[in-house]
Amino acid sequence: MILVIGLPAWAGITYVGLVRARQGNELPQPRPPRLRRTPARKAAWIAGLAYLAGGALHLYGLSYLPFLFPEDACWFNAGYMGVPDSSSALPVSLVCAGEEIVPWWLNPALLVLAVTAVAATVTSVVLALRRRAARRALRTADRRSA
């Protein structure tokens, strides 16, 4: 499907661009280079992704918990008709008839994502502050030498 629609569209756009460029007797100007991603920005992206993945995983875990009708939580998740023995949102847990219903890997995954998100956030802030301090030191050194 990509080859059927995407390839001809791309070729047409490229052809029109080249025709327009030749009519003006010059090639289109290249874009200026993008700014290099700093380590602080990379750490911030990692933190954002970890927060997003952790939130999505926690919502998945909350789907196991009883909300309006507690007796239905055990029925839909374990096939047991009755009220859950216990449930909690953090750590995510639902116990029906003495058996844990929430998958075993959910809480460790939440912990890993939380630690990653916090560590990447702190790293991003520290790296940004160091870079700002280095720029400030360069400016003062330039002023003194001039």
# chains A, B, ... in the order shown; residues from 1 in each chain; ligands from 1

call {"tool": "residues_around", "arguments": {"residues": "stretch 76-82 of chain A", "least_positions_apart": "3", "cutoff": "8 Å", "atoms": "only C-alpha atoms", "output": "PyMOL selection string"}}
result
chain A and resi 64+71-73+96-97+101

call {"tool": "write_last_selection", "arguments": {"atoms": "N, CA, C and O atoms", "output": "mmCIF file, in the first residue's frame"}}
result
data_model
loop_
_atom_site.group_PDB
_atom_site.id
_atom_site.type_symbol
_atom_site.label_atom_id
_atom_site.label_comp_id
_atom_site.auth_asym_id
_atom_site.auth_seq_id
_atom_site.Cartn_x
_atom_site.Cartn_y
_atom_site.Cartn_z
ATOM 1 N N TYR A 64 -7.768 -3.881 36.537
ATOM 2 C CA TYR A 64 -8.076 -5.089 37.300
ATOM 3 C C TYR A 64 -8.888 -4.792 38.554
ATOM 4 O O TYR A 64 -9.524 -5.683 39.103
ATOM 5 N N GLU A 71 -17.937 -7.089 43.509
ATOM 6 C CA GLU A 71 -18.087 -8.533 43.276
ATOM 7 C C GLU A 71 -17.819 -8.900 41.818
ATOM 8 O O GLU A 71 -17.423 -10.013 41.516
ATOM 9 N N ASP A 72 -17.991 -7.934 40.905
ATOM 10 C CA ASP A 72 -17.739 -8.212 39.490
ATOM 11 C C ASP A 72 -16.245 -8.270 39.161
ATOM 12 O O ASP A 72 -15.857 -8.900 38.177
ATOM 13 N N ALA A 73 -15.416 -7.628 39.967
ATOM 14 C CA ALA A 73 -13.974 -7.641 39.692
ATOM 15 C C ALA A 73 -13.425 -9.060 39.751
ATOM 16 O O ALA A 73 -12.662 -9.474 38.883
ATOM 17 N N CYS A 96 -8.483 -12.347 45.209
ATOM 18 C CA CYS A 96 -9.790 -12.996 45.201
ATOM 19 C C CYS A 96 -9.611 -14.440 45.647
ATOM 20 O O CYS A 96 -8.839 -15.176 45.030
ATOM 21 N N ALA A 97 -10.301 -14.829 46.715
ATOM 22 C CA ALA A 97 -10.236 -16.194 47.250
ATOM 23 C C ALA A 97 -8.796 -16.601 47.542
ATOM 24 O O ALA A 97 -8.384 -17.723 47.277
ATOM 25 N N ILE A 101 -4.609 -11.670 41.576
ATOM 26 C CA ILE A 101 -5.118 -11.671 40.206
ATOM 27 C C ILE A 101 -4.244 -10.831 39.279
ATOM 28 O O ILE A 101 -4.051 -11.156 38.116
#

call {"tool": "select_by_dssp", "arguments": {"residues": "stretch 2-141 of chain A", "states": "strand (DSSP E)", "output": "VMD selection string"}}
result
chain A and resid 86 to 89 92 to 96 99 to 100

call {"tool": "write_last_selection", "arguments": {"atoms": "C-alpha atoms", "output": "mmCIF file, in the first residue's frame"}}
result
data_model
loop_
_atom_site.group_PDB
_atom_site.id
_atom_site.type_symbol
_atom_site.label_atom_id
_atom_site.label_comp_id
_atom_site.auth_asym_id
_atom_site.auth_seq_id
_atom_site.Cartn_x
_atom_site.Cartn_y
_atom_site.Cartn_z
ATOM 1 C CA SER A 86 -8.334 -7.031 49.300
ATOM 2 C CA SER A 87 -7.379 -4.538 46.638
ATOM 3 C CA SER A 88 -5.049 -1.559 46.405
ATOM 4 C CA ALA A 89 -4.001 0.894 43.721
ATOM 5 C CA VAL A 92 -1.552 -2.665 42.253
ATOM 6 C CA SER A 93 -3.150 -5.670 43.884
ATOM 7 C CA LEU A 94 -6.408 -7.622 43.713
ATOM 8 C CA VAL A 95 -6.812 -10.739 45.855
ATOM 9 C CA CYS A 96 -9.790 -12.996 45.201
ATOM 10 C CA GLU A 99 -5.160 -15.673 44.956
ATOM 11 C CA GLU A 100 -3.451 -12.599 43.498
#

call {"tool": "residues_around", "arguments": {"residues": "A:Pro91", "least_positions_apart": "3", "cutoff": "10 Å", "atoms": "only C-alpha atoms", "output": "list of chain:residue names"}}
result
A:His58, A:Gly61, A:Ser87, A:Ser88, A:Leu94, A:Leu106, A:Asn107, A:Pro108, A:Leu110, A:Leu111

call {"tool": "write_last_selection", "arguments": {"atoms": "N, CA, C and O atoms", "output": "compact mmCIF listing (two decimals), in the first residue's frame"}}
result
# COMPACT_ATOMS: atom_id res chain seq x y z
N HIS A 58 0.25 1.80 34.64
CA HIS A 58 -0.55 1.89 35.86
C HIS A 58 -2.04 1.87 35.52
O HIS A 58 -2.84 1.25 36.24
N GLY A 61 -2.95 -1.62 35.00
CA GLY A 61 -3.09 -2.32 36.28
C GLY A 61 -4.38 -1.95 37.00
O GLY A 61 -5.02 -2.80 37.63
N SER A 87 -7.82 -5.18 47.87
CA SER A 87 -7.38 -4.54 46.64
C SER A 87 -6.71 -3.22 47.00
O SER A 87 -7.05 -2.59 48.00
N SER A 88 -5.72 -2.85 46.20
CA SER A 88 -5.05 -1.56 46.41
C SER A 88 -4.54 -1.05 45.06
O SER A 88 -4.27 -1.83 44.14
N LEU A 94 -5.03 -7.15 43.58
CA LEU A 94 -6.41 -7.62 43.71
C LEU A 94 -6.34 -9.08 44.13
O LEU A 94 -5.80 -9.92 43.41
N LEU A 106 3.73 -6.67 36.89
CA LEU A 106 3.23 -5.30 36.80
C LEU A 106 3.90 -4.37 37.79
O LEU A 106 4.40 -3.29 37.42
N ASN A 107 3.96 -4.73 39.06
CA ASN A 107 4.53 -3.83 40.07
C ASN A 107 6.04 -3.64 39.91
O ASN A 107 6.52 -2.51 40.04
N PRO A 108 6.83 -4.69 39.60
CA PRO A 108 8.25 -4.44 39.34
C PRO A 108 8.47 -3.53 38.12
O PRO A 108 9.37 -2.68 38.12
N LEU A 110 6.44 -1.17 37.10
CA LEU A 110 6.11 0.18 37.56
C LEU A 110 7.26 0.78 38.36
O LEU A 110 7.58 1.97 38.21
N LEU A 111 7.90 -0.03 39.18
CA LEU A 111 9.02 0.45 39.99
C LEU A 111 10.20 0.84 39.10
O LEU A 111 10.80 1.91 39.28

call {"tool": "select_by_dssp", "arguments": {"residues": "stretch 52-98 of chain A", "states": "alpha helix (DSSP H)", "output": "PyMOL selection string"}}
result
chain A and resi 52-62+70-78

call {"tool": "write_last_selection", "arguments": {"atoms": "N, CA and C atoms", "output": "CSV table (one decimal), in the first residue's frame"}}
result
chain,number,residue,atom,x,y,z
A,52,LEU,N,5.4,8.6,30.7
A,52,LEU,CA,4.2,8.2,29.9
A,52,LEU,C,4.0,6.7,29.9
A,53,ALA,N,5.1,5.9,29.8
A,53,ALA,CA,4.9,4.4,29.9
A,53,ALA,C,4.5,4.0,31.2
A,54,GLY,N,5.0,4.6,32.3
A,54,GLY,CA,4.5,4.2,33.6
A,54,GLY,C,3.1,4.6,33.9
A,55,GLY,N,2.6,5.7,33.4
A,55,GLY,CA,1.2,6.0,33.5
A,55,GLY,C,0.3,5.1,32.7
A,56,ALA,N,0.7,4.7,31.5
A,56,ALA,CA,-0.1,3.7,30.8
A,56,ALA,C,-0.1,2.4,31.4
A,57,LEU,N,1.0,2.0,32.0
A,57,LEU,CA,1.1,0.7,32.7
A,57,LEU,C,0.2,0.7,33.9
A,58,HIS,N,0.2,1.8,34.6
A,58,HIS,CA,-0.6,1.9,35.9
A,58,HIS,C,-2.0,1.9,35.5
A,59,LEU,N,-2.4,2.5,34.4
A,59,LEU,CA,-3.8,2.5,34.0
A,59,LEU,C,-4.2,1.0,33.7
A,60,TYR,N,-3.3,0.3,33.0
A,60,TYR,CA,-3.6,-1.1,32.7
A,60,TYR,C,-3.8,-1.9,34.0
A,61,GLY,N,-3.0,-1.6,35.0
A,61,GLY,CA,-3.1,-2.3,36.3
A,61,GLY,C,-4.4,-2.0,37.0
A,62,LEU,N,-4.8,-0.7,36.9
A,62,LEU,CA,-6.0,-0.3,37.5
A,62,LEU,C,-7.3,-0.9,36.9
A,70,PRO,N,-17.8,-4.3,43.3
A,70,PRO,CA,-16.6,-5.1,43.7
A,70,PRO,C,-16.7,-6.5,43.4
A,71,GLU,N,-17.9,-7.1,43.5
A,71,GLU,CA,-18.1,-8.5,43.3
A,71,GLU,C,-17.8,-8.9,41.8
A,72,ASP,N,-18.0,-7.9,40.9
A,72,ASP,CA,-17.7,-8.2,39.5
A,72,ASP,C,-16.2,-8.3,39.2
A,73,ALA,N,-15.4,-7.6,40.0
A,73,ALA,CA,-14.0,-7.6,39.7
A,73,ALA,C,-13.4,-9.1,39.8
A,74,CYS,N,-13.8,-9.8,40.8
A,74,CYS,CA,-13.3,-11.2,40.9
A,74,CYS,C,-14.0,-12.1,39.8
A,75,TRP,N,-15.2,-11.8,39.5
A,75,TRP,CA,-15.9,-12.6,38.4
A,75,TRP,C,-15.3,-12.4,37.1
A,76,PHE,N,-15.0,-11.2,36.7
A,76,PHE,CA,-14.4,-10.9,35.4
A,76,PHE,C,-13.0,-11.3,35.3
A,77,ASN,N,-12.2,-11.2,36.3
A,77,ASN,CA,-10.8,-11.4,36.3
A,77,ASN,C,-10.4,-12.8,36.7
A,78,ALA,N,-11.1,-13.5,37.6
A,78,ALA,CA,-10.7,-14.8,38.1
A,78,ALA,C,-11.8,-15.9,37.9
